[in-house]
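Chemist: Handing you a structure now.
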Amino acid sequence: MGSLDRSTIWPYEDGEPGRFYYSRYANPTVEEAERQVGELDGGTALLFPSGAGAACALVLGLLNPDDTIALAEGCYYGTGVLLTELERWGLRHVEFDQTGPPPDGVQLVWLEAPSNPFLTMPDIAAAVAHPAPVVVDATAATPIHLQPLEQGADFVLHSATKYLAGHDDALLGAVVCADPETAERLQRFRGVAGIVAAPDVAWLLLRGLKTLRIRVERQTATARELADRLRAHPKIETVRYPGIGGLMSFDVADGEAARRVETATELIVNATSLGGTTTVIETRARWEGDRVPSGLLRLSVGLEDPDALWADLERALAT
Ligand SMILES: *Cc1c(COP(=O)(O)O)cnc(C)c1O
C-alpha cells in the first residue's frame, strides 16, 4: 500500500532530476494507483483528474483535426457533449449502434460497456475487426466483469469516480493502454497539458481498490435480484440490466410518475452518479431529456441489504 506523498518537488540527485522531480510529470502515490489499475485491466494505466478529463486527454493527445470518432449511441451523455464541444477544434464524431460493427472511415471507435443509461453491451469483436483503434469506456462493467484489452481493444477508459474509487468522495479518471509506447505518448501529452490527478484522490483510489472485488460482486448480486423483482412489478414497463454490475435503468409510466418514485425513496438517495456504496436513483430526463424516455429512472445499487432496498423501491412505486 503506497503512502500519500503530497510533494510537488523532490530534490535532485547529484545535481540531476531523479524519477520524481516535479509532480505534474510523476508522483509516487499516483504511480502506485496506476500500477494497480494497470494490473486489473492488463495494460499501462494513466490517471486523470476525472473521467471526462481522461476522455478529453485521450482524444486531444492521440487524434488530429479532421479525424472522426465512431461513438456508441446511447453512451454516457457527457462524452457526446465533450465531443460536440471539440468540433470547434476539427474533431468529428458519428453515432452508431455498438451492438453491431462500426462505420467505415473513422479514426477511433468509442464503445461503452454497458452504456449509461441504456445498458447495451458492445460487440467488441466487431469493433476490433475495424482498422481504427478501439476504446471501451468500461466504467459500469469494471475490470471485475470485463477485460476489454484481452479481447483486443486498444484502450479502456474508467470514470474512477464511480466503482474504482467507490465511495462518492474522489473525482478521478483512468485510461489503460494496451500498447506501452502509446501510453508513453499520452503520458507526455498529459504532463505538458497538465491534466494530472492529485495524490490525495489517488490515495483514495488505492483505498477503494482494496474492496473493489467484494463491492462489485455484492452490487451485482443485489442488482440481479432487484432487476428480477422490478421485471415482475406491474408498474414497470421496461428494465434494462445486462446481468453484470450495479447499474440499471427502468421505466415507469411517465415523467410525473418517475419524479414521484425518486422523491419517495428513503433508504435510496435521490442523487446522480453511480458506483458508490450508497444506492442512488434519479430520473435522467432532467439531464438528457432529448434522448431518454421521460419515465426512465437510473438506479445504481450500493451495499445495503437487498430486502431493505426492495422494500424501499416497492413503497416508492406504490405512491
Ligand atoms: C461518470 C462517467 C463518465 C465521466 O466521468 P467523471 O469522473 O464524472 O468525469 C464517463 N463515462 C461514464 C460511463 C460515466 O458513468
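Following the order of the C-alpha cells, first chain is A, next is B, and so on, with residues numbered from 1 inside each chain and ligands from 1 in the order they appear.
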Output the neighbourhood of ligand 1 as JSON, numbers by chain, that is, all protein and nucleic acid residues with some atom at most 8 Å from the ligand, counting only C-alpha atoms and all ligand atoms.
Modeler: {"A": [49, 50, 51, 52, 53, 54, 55, 75, 76, 78, 79, 112, 113, 114, 115, 116, 137, 138, 139, 140, 157, 158, 159, 160, 161, 162, 171, 172, 173, 273, 274]}
Chemist: Dump N, CA, C and O atoms for the selected residues as a compact mmCIF listing (two decimals), in the first residue's frame?
Modeler:
```txt
# COMPACT_ATOMS: atom_id res chain seq x y z
N PRO A 49 -7.66 13.74 -13.81
CA PRO A 49 -8.44 14.32 -12.71
C PRO A 49 -9.93 13.95 -12.72
O PRO A 49 -10.61 14.17 -11.73
N SER A 50 -10.45 13.40 -13.81
CA SER A 50 -11.84 12.94 -13.86
C SER A 50 -11.97 12.01 -15.06
O SER A 50 -11.06 11.94 -15.90
N GLY A 51 -13.11 11.34 -15.15
CA GLY A 51 -13.36 10.52 -16.34
C GLY A 51 -13.43 11.38 -17.59
O GLY A 51 -12.89 11.02 -18.64
N ALA A 52 -14.09 12.53 -17.47
CA ALA A 52 -14.19 13.44 -18.61
C ALA A 52 -12.80 13.96 -19.01
O ALA A 52 -12.49 14.09 -20.20
N GLY A 53 -11.96 14.24 -18.01
CA GLY A 53 -10.59 14.67 -18.29
C GLY A 53 -9.80 13.58 -19.01
O GLY A 53 -8.99 13.87 -19.90
N ALA A 54 -10.05 12.34 -18.62
CA ALA A 54 -9.38 11.20 -19.29
C ALA A 54 -9.81 11.12 -20.75
O ALA A 54 -8.99 10.93 -21.65
N ALA A 55 -11.13 11.29 -20.99
CA ALA A 55 -11.65 11.23 -22.36
C ALA A 55 -11.07 12.37 -23.20
O ALA A 55 -10.65 12.17 -24.35
N CYS A 75 -24.46 6.17 -25.24
CA CYS A 75 -23.42 6.10 -24.21
C CYS A 75 -23.50 7.34 -23.33
O CYS A 75 -24.32 8.23 -23.55
N TYR A 76 -22.62 7.39 -22.32
CA TYR A 76 -22.61 8.48 -21.34
C TYR A 76 -22.80 9.83 -22.03
O TYR A 76 -22.04 10.20 -22.93
N GLY A 78 -22.31 12.87 -21.27
CA GLY A 78 -21.21 13.83 -21.22
C GLY A 78 -20.15 13.59 -22.29
O GLY A 78 -19.49 14.54 -22.73
N THR A 79 -19.97 12.35 -22.71
CA THR A 79 -18.96 12.07 -23.75
C THR A 79 -19.38 12.71 -25.07
O THR A 79 -18.57 13.33 -25.76
N GLU A 112 -18.98 1.63 -25.10
CA GLU A 112 -19.23 1.76 -23.66
C GLU A 112 -19.91 0.48 -23.16
O GLU A 112 -20.89 0.03 -23.74
N ALA A 113 -19.35 -0.07 -22.08
CA ALA A 113 -19.81 -1.37 -21.61
C ALA A 113 -20.15 -1.36 -20.12
O ALA A 113 -19.24 -1.25 -19.32
N PRO A 114 -21.40 -1.57 -19.77
CA PRO A 114 -22.58 -1.33 -20.60
C PRO A 114 -22.83 0.17 -20.70
O PRO A 114 -22.38 0.92 -19.86
N SER A 115 -23.58 0.58 -21.75
CA SER A 115 -23.81 2.00 -21.95
C SER A 115 -24.68 2.55 -20.81
O SER A 115 -25.52 1.86 -20.26
N ASN A 116 -24.42 3.82 -20.51
CA ASN A 116 -25.08 4.50 -19.40
C ASN A 116 -25.94 5.61 -19.97
O ASN A 116 -25.39 6.56 -20.53
N ASP A 137 -15.14 2.41 -22.84
CA ASP A 137 -15.44 3.00 -21.54
C ASP A 137 -16.12 1.91 -20.73
O ASP A 137 -17.28 1.58 -20.95
N ALA A 138 -15.35 1.32 -19.81
CA ALA A 138 -15.85 0.18 -19.02
C ALA A 138 -16.14 0.60 -17.58
O ALA A 138 -16.07 -0.21 -16.66
N THR A 139 -16.50 1.87 -17.42
CA THR A 139 -16.83 2.40 -16.09
C THR A 139 -17.85 1.53 -15.36
O THR A 139 -17.65 1.18 -14.20
N ALA A 140 -18.93 1.18 -16.05
CA ALA A 140 -20.02 0.46 -15.38
C ALA A 140 -19.75 -1.03 -15.26
O ALA A 140 -20.27 -1.68 -14.35
N LEU A 157 -11.25 2.92 -20.74
CA LEU A 157 -11.41 4.17 -20.00
C LEU A 157 -12.32 3.92 -18.80
O LEU A 157 -13.28 3.16 -18.90
N HIS A 158 -11.97 4.52 -17.67
CA HIS A 158 -12.83 4.43 -16.49
C HIS A 158 -13.07 5.82 -15.93
O HIS A 158 -12.12 6.59 -15.78
N SER A 159 -14.31 6.12 -15.59
CA SER A 159 -14.52 7.17 -14.61
C SER A 159 -14.26 6.48 -13.27
O SER A 159 -15.12 5.76 -12.75
N ALA A 160 -13.06 6.68 -12.73
CA ALA A 160 -12.70 6.04 -11.46
C ALA A 160 -13.45 6.66 -10.29
O ALA A 160 -13.44 6.13 -9.18
N THR A 161 -14.13 7.78 -10.57
CA THR A 161 -15.05 8.40 -9.62
C THR A 161 -16.11 7.39 -9.17
O THR A 161 -16.63 7.49 -8.07
N LYS A 162 -16.41 6.45 -10.05
CA LYS A 162 -17.54 5.53 -9.83
C LYS A 162 -17.04 4.29 -9.06
O LYS A 162 -16.66 4.42 -7.92
N LEU A 171 -12.99 12.32 -7.29
CA LEU A 171 -13.22 12.54 -8.72
C LEU A 171 -11.94 12.16 -9.46
O LEU A 171 -10.90 12.77 -9.24
N LEU A 172 -12.03 11.14 -10.33
CA LEU A 172 -10.83 10.62 -10.98
C LEU A 172 -11.18 9.89 -12.27
O LEU A 172 -12.27 9.33 -12.39
N GLY A 173 -10.23 9.85 -13.20
CA GLY A 173 -10.41 9.06 -14.40
C GLY A 173 -9.17 8.26 -14.70
O GLY A 173 -8.09 8.56 -14.17
N SER A 273 -24.87 10.17 -10.32
CA SER A 273 -23.68 9.33 -10.28
C SER A 273 -24.01 7.86 -9.99
O SER A 273 -25.18 7.47 -9.91
N LEU A 274 -22.97 7.06 -9.85
CA LEU A 274 -23.12 5.61 -9.74
C LEU A 274 -21.83 5.04 -9.16
O LEU A 274 -20.80 5.71 -9.10
```
Chemist: Could you give me, as a list in words, the residues within 9 Å of region 121-127 of chain A, counting only C-alpha atoms and dropping anything in the same chain fewer than 5 positions from it?
Modeler: Ala72, Asp97, Gln98, Thr99, Gly100, Pro101, Pro102, Val109, Trp110, Leu111, Glu112, Ala113, Pro114, Ser115, Ala132, Pro133, Val134, Val136, Pro148, Gln151, Gly152, Ala153 and Pro242 of chain A
Chemist: As a list in words, which residues of region 207-289 of chain A does DSSP assign to strand (DSSP E)?
Modeler: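 Of region 207-289 of chain A, only Thr238, Val239, Arg240, Leu247, Met248, Ser249, Phe250, Asp251, Val269, Asn270, Val280, Ile281, Glu282 and Thr283 of chain A fall in strand (DSSP E).
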Chemist: Taking N, CA, C and O atoms for each residue, export the selection above as a tab-separated table (two decimals), in the first residue's frame.
Modeler:
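Written file, result-v2.tsv:
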```
chain	number	residue	atom	x	y	z
A	238	THR	N	-40.24	-1.29	-18.60
A	238	THR	CA	-39.00	-1.85	-19.16
A	238	THR	C	-37.94	-1.87	-18.07
A	238	THR	O	-37.82	-0.89	-17.33
A	239	VAL	N	-37.16	-2.93	-18.00
A	239	VAL	CA	-35.99	-2.96	-17.12
A	239	VAL	C	-34.78	-3.21	-18.01
A	239	VAL	O	-34.77	-4.16	-18.79
A	240	ARG	N	-33.77	-2.32	-17.92
A	240	ARG	CA	-32.53	-2.51	-18.69
A	240	ARG	C	-31.43	-2.89	-17.72
A	240	ARG	O	-31.02	-2.07	-16.90
A	247	LEU	N	-25.39	-1.17	-12.06
A	247	LEU	CA	-26.14	-0.10	-12.73
A	247	LEU	C	-27.28	-0.67	-13.56
A	247	LEU	O	-27.09	-1.63	-14.31
A	248	MET	N	-28.47	-0.07	-13.42
A	248	MET	CA	-29.60	-0.46	-14.27
A	248	MET	C	-30.49	0.75	-14.49
A	248	MET	O	-30.34	1.78	-13.82
A	249	SER	N	-31.40	0.64	-15.46
A	249	SER	CA	-32.43	1.67	-15.58
A	249	SER	C	-33.76	0.98	-15.85
A	249	SER	O	-33.80	-0.14	-16.37
A	250	PHE	N	-34.82	1.64	-15.45
A	250	PHE	CA	-36.16	1.08	-15.70
A	250	PHE	C	-37.14	2.23	-15.92
A	250	PHE	O	-36.88	3.37	-15.53
A	251	ASP	N	-38.24	1.92	-16.60
A	251	ASP	CA	-39.21	2.96	-16.95
A	251	ASP	C	-40.52	2.77	-16.20
A	251	ASP	O	-41.06	1.66	-16.16
A	269	VAL	N	-30.98	7.10	-2.02
A	269	VAL	CA	-30.78	8.55	-2.08
A	269	VAL	C	-31.08	9.05	-3.49
A	269	VAL	O	-30.69	8.43	-4.48
A	270	ASN	N	-31.79	10.17	-3.57
A	270	ASN	CA	-32.08	10.80	-4.86
A	270	ASN	C	-30.90	11.69	-5.23
A	270	ASN	O	-30.79	12.83	-4.80
A	280	VAL	N	-28.26	4.95	-5.21
A	280	VAL	CA	-28.83	6.23	-5.66
A	280	VAL	C	-29.76	6.00	-6.84
A	280	VAL	O	-29.60	5.06	-7.63
A	281	ILE	N	-30.75	6.90	-6.93
A	281	ILE	CA	-31.72	6.82	-8.03
A	281	ILE	C	-31.97	8.22	-8.55
A	281	ILE	O	-31.92	9.19	-7.80
A	282	GLU	N	-32.18	8.34	-9.87
A	282	GLU	CA	-32.63	9.63	-10.41
A	282	GLU	C	-33.29	9.44	-11.76
A	282	GLU	O	-32.97	8.52	-12.51
A	283	THR	N	-34.23	10.34	-12.07
A	283	THR	CA	-34.78	10.39	-13.42
A	283	THR	C	-33.68	11.01	-14.29
A	283	THR	O	-33.00	11.94	-13.86
```
Chemist: With region 284-304 of chain A as the partner and 9 Å as the cut-off, tabulate the residues of region 173-248 of chain A that qualify, each row holding the nearest pair of atoms and their distance in Å to one decimal, using only C-alpha atoms, sorted by chain and rising number, as a tab-separated table.
Modeler:
```
residue	atom	partner	partner_atom	distance
A:Arg215	CA	A:Leu303	CA	7.1
A:Val216	CA	A:Gly302	CA	8.9
A:Arg218	CA	A:Leu303	CA	6.9
A:Gln219	CA	A:Gly302	CA	5.8
A:Thr220	CA	A:Val301	CA	8.1
A:Thr222	CA	A:Val301	CA	7.2
A:Ala223	CA	A:Val301	CA	6.1
A:Leu226	CA	A:Val301	CA	8.9
A:Thr238	CA	A:Leu296	CA	8.9
A:Gly245	CA	A:Val301	CA	8.6
A:Gly246	CA	A:Val301	CA	4.9
A:Leu247	CA	A:Ser300	CA	4.6
A:Met248	CA	A:Leu299	CA	5.4
```
Chemist: Which polymer residues have any atom within 9 Å of an atom of Asp169 (chain A), counting only C-alpha atoms, with same-chain residues fewer than 6 positions away left out, as a list in words?
Modeler: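 So, after excluding close chain neighbours, the residues are Thr161, Val201, Leu204 and Gly276 of chain A.
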Chemist: Check the smallest atom-to-atom distance from each of A:Asp305, A:Glu85, A:Glu314, A:Glu150 to Asp41 (chain A) using only C-alpha atoms, then report the winner.
Modeler: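 Result for the nearest residue to Asp41 (chain A): A:Glu150.
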